[in-house]
Amino acid sequence: MMKFFRKYNKHLLAVFMALLLVIWLGGSAIEDFMSSRNRNVVLGTAVSGKITEVDRALAEKETQLLNVLGARLGQPGVFNWQTWQDRLLMKPPKADERLNTIDWILLKREADKLGASVTPQQAQAMLTSMGVPSEAIRRVAVQSDVKPDLFYQAAASYFSVENLLKTYLWASRPPEPDLRRLARDVLETASIEAVVFPAASFADPDETFSAEQMQKQFDAYRSTRGTGGLNFGYYIDPKVKVQYIRIDPSKIEENLRGSERSYEREAYEYWQANRDRPQFRWTLAEVEEYKKAKEAEASSNGMADANSNGADADSNGPVMPKAGEAYTDFRQARKKALEAVRLQAAQAEAERIVSRISQVLREPWFAVERDSETGIKPAPDSVKSDGYYTKTVDDLPGNMRYPDGIEVKSLDWKTADELAEVEGFGQAGIVTQDQGIIRAPQLAFNVEGLAEAPEESHRDTSHFLSLWQTFDTPLQSMEGAIYLFRVVGVEEGHAPASLDAVADQVTADLRLQEGMKKARQAAENFVAEVGTQGLRDAIRADTELQAKITPDRGGYVEPPPFPRDATIRGMPSNTVQPFGEVTQEFIDTAFRLAAEGPKSELTVVDLPAEADVVAMHGLKLRPLYMEDYMARRTDLIGNIIRRQQSVLMAQWLNAKNIRERNQFEYSKRT
């Protein structure tokens with residue numbers, strides 16, 4: 001028998017993989033799979049061996065299950081391995097930046113080779129620690145008609161690749177000289193005082209300019225995007241028209257169907273199962289309210305009822321609860337428990353409605369093939385109407401109709417920044433693995449007409465939208481509402497056709513530019529007059545200057561000590577508060593003056609990005625000491641890795657790099 005297995009082990013392995021694929025795909029796919037002639041096709045080869053159609057199909061099913069986990073557990077996309085690229089690149093993914101199932105297979109094999117693999121049992125424990133209990137997995141499995149073990153296997157693959165990435169990142173730690181340089185930049189601090197002269201305070205609101213000046217300004221910045229301050233630009237950003245369906249569980253909760261008796265019973269069961277949770281503990285406010293009620297009761301009855309409302313008692317009267325103690329009686333927990341079960345019921349109802357609407361919205365696209373040249377799915381005629389969403393909602397079954405809980409809305413031409421300002425929808429998004437969020441504006445602009453479509457049929461397209469196509473994954477907002485959306489119109493970014501289109505902005509910018517010159521002159525005059533007088537006293541004595549500087553911005557400031565590089569504090573490296581975006585000249589000057597201390601000369605520096613001029617004076621430099629460096633060395637290593645993470649992971653997860661280091665080659669037959 002063993003001789004038989006040794007002789008035919010490759011054949012048996014192929015049969016095993018085929019059977020495994022059948023298990024993944026489910027019984028309904030058995031006939032299709034067994035009749036397929038492509039199951040043994042070799043898609044390509046790598047150092048780890050061949051990759052077959054069976055491998056690809058298993059990987060596709062695996063990543064589909066990961067997406068299901070994210071969509072069904074209240075955090076869309078949380079297990080979606082493709083969102084790593086999306087978040088780290090901080091822009092809509094282009095075709096050549098996407099990963100496909102081949103790359104997923106190669107990453108998994110790398111993790112296995114380097115000992116980073118996670119078992120399904122370990123994945124189950126990790127999911128539990130992340131707040132995803134086994135019961136939640138079981139519920140999702142029942143809804144998806146698959147075995148729970150398959151979800152744990154998919155999660156194990158995900159965590160294996162994640163371990164691989166963490167290993168790679170920490171193996172990329174910087175050399176000692178780089179660490180010491182970073183330590184100086186983030187730990188050494190300068191203390192200064194300054195007076196800020198805003199250009200806007202010195203600009204003449206009635207100043208006019210010649211046609212030649214206007215045209216020259218327009219021509220200089222016509223094709224440039226403005227970023228604020230003196231960074232002018234008149235390029236018109238791309239815009240989109242968006243439609244969305246908003247499903248609000250809080251509104252649904254107000255109109256839930258079902259008897260109060262059933263909710264009362266569920267609330268009691270919920271409290272019994274979750275008695276140790278913080279929500280069922282006395283708060284300080286509740287303790288105070290309870291004491292007042294007891295005092296009022298005692299005053300009314302002439303005595304205290306020691307056993308009222310579950311309170312313990314002794315010979316001296318009732319023992320009052322303490323903040324942080326668990327409720328001992330359902331009457332104490334009833335209100336919160338009812339709120340919890342009703343919210344759960346509303347969320348489940350919202351998910352049911354979203355699932356139904358999503359299914360209806362996807363159906364017309366099932367038979368649509370991608371254009372072989374453009375890679376775009378042309379929208380079916382049936383979806384190309386402004387009233388399509390409204391009709392879809394109106395056609396819901398009667399038991400899914402919640403007029404106040406389901407809203408259809410259209411947003412006319414919005415830039416990405418304007419879309420981000422839309423209440424609710426603008427902040428909604430999908431959650432990535434490490435709790436980062438890809439928000440609606442980024443998703444909405446990864447659309448036909450504004451972003452490149454994937455060029456190859458095997459590339460992932462989960463975040464690319466055709467016009468009129470609904471984004472597959474529901475978006476969630478901070479307030480708990482769920483959004484389904486589509487883009488129904490796009491306008492490409494472009495330079496304005498003529499000066500007339502942006503004449504008012506050009507005039508305002510020229511006035512600000514002239515105001516900057518006047519602010520510079522005022523700062524230099526101020527410095528010349530101050531002499532040895534302190535800046536604070538000098539600005540107070542200059543009533544004319546105080547009247548010139550706007551109350552909400554400018555004037556005397558003495559900021560907290562700041563480093564050369566603020567990234568370790570979670571801020572952009574070129575930002576110093578309260579000045580905003582600063583220049584390298586500002587940083588260098590501040591540290592030079594701080595090193596000189598109070599005897600330093602007053603110096604004037606421009607901040608073009610803020611349209612400010614700053615007169616500064618040094619106070620104190622706090623140098624970096626060796627004990628500080630050694631105490632923070634580990635943190636610094638982590639800081640450098642986090643700062644380099646975007647670049648490092650983009651390199652590691654780049655499809656070309658994945659295939660090169662695995663020596664992968666597509667089969668000529670594909």
# chains A, B, ... in the order shown; residues from 1 in each chain; ligands from 1
>>> select_by_dssp(residues="stretch 206-335 of chain A", states="strand (DSSP E)", output="list in words")
Lys239, Val240, Lys241, Val242, Gln243, Tyr244, Ile245, Arg246, Ile247, Asp312, Ala313, Asp314, Gly317, Pro318 and Val319 of chain A
>>> closest_residue(among="A:Met400, A:Ala323, A:Val242, A:Val368", to="A:Glu418", atoms="only C-alpha atoms")
A:Val242
>>> select_by_dssp(residues="stretch 80-312 of chain A", states="alpha helix (DSSP H)", output="PyMOL selection string")
chain A and resi 83-89+101-113+120-129+134-144+148-171+176-187+199-202+211-221+249-254+260-273+284-301
>>> closest_residue(among="A:His463, A:Pro249, A:Ser201, A:Ala194", to="A:Thr603", atoms="only C-alpha atoms")
A:Ala194
>>> atom_distance(atom1="atom CA of A:Gln272", atom2="atom CA of A:Gly324")
17.7 Å
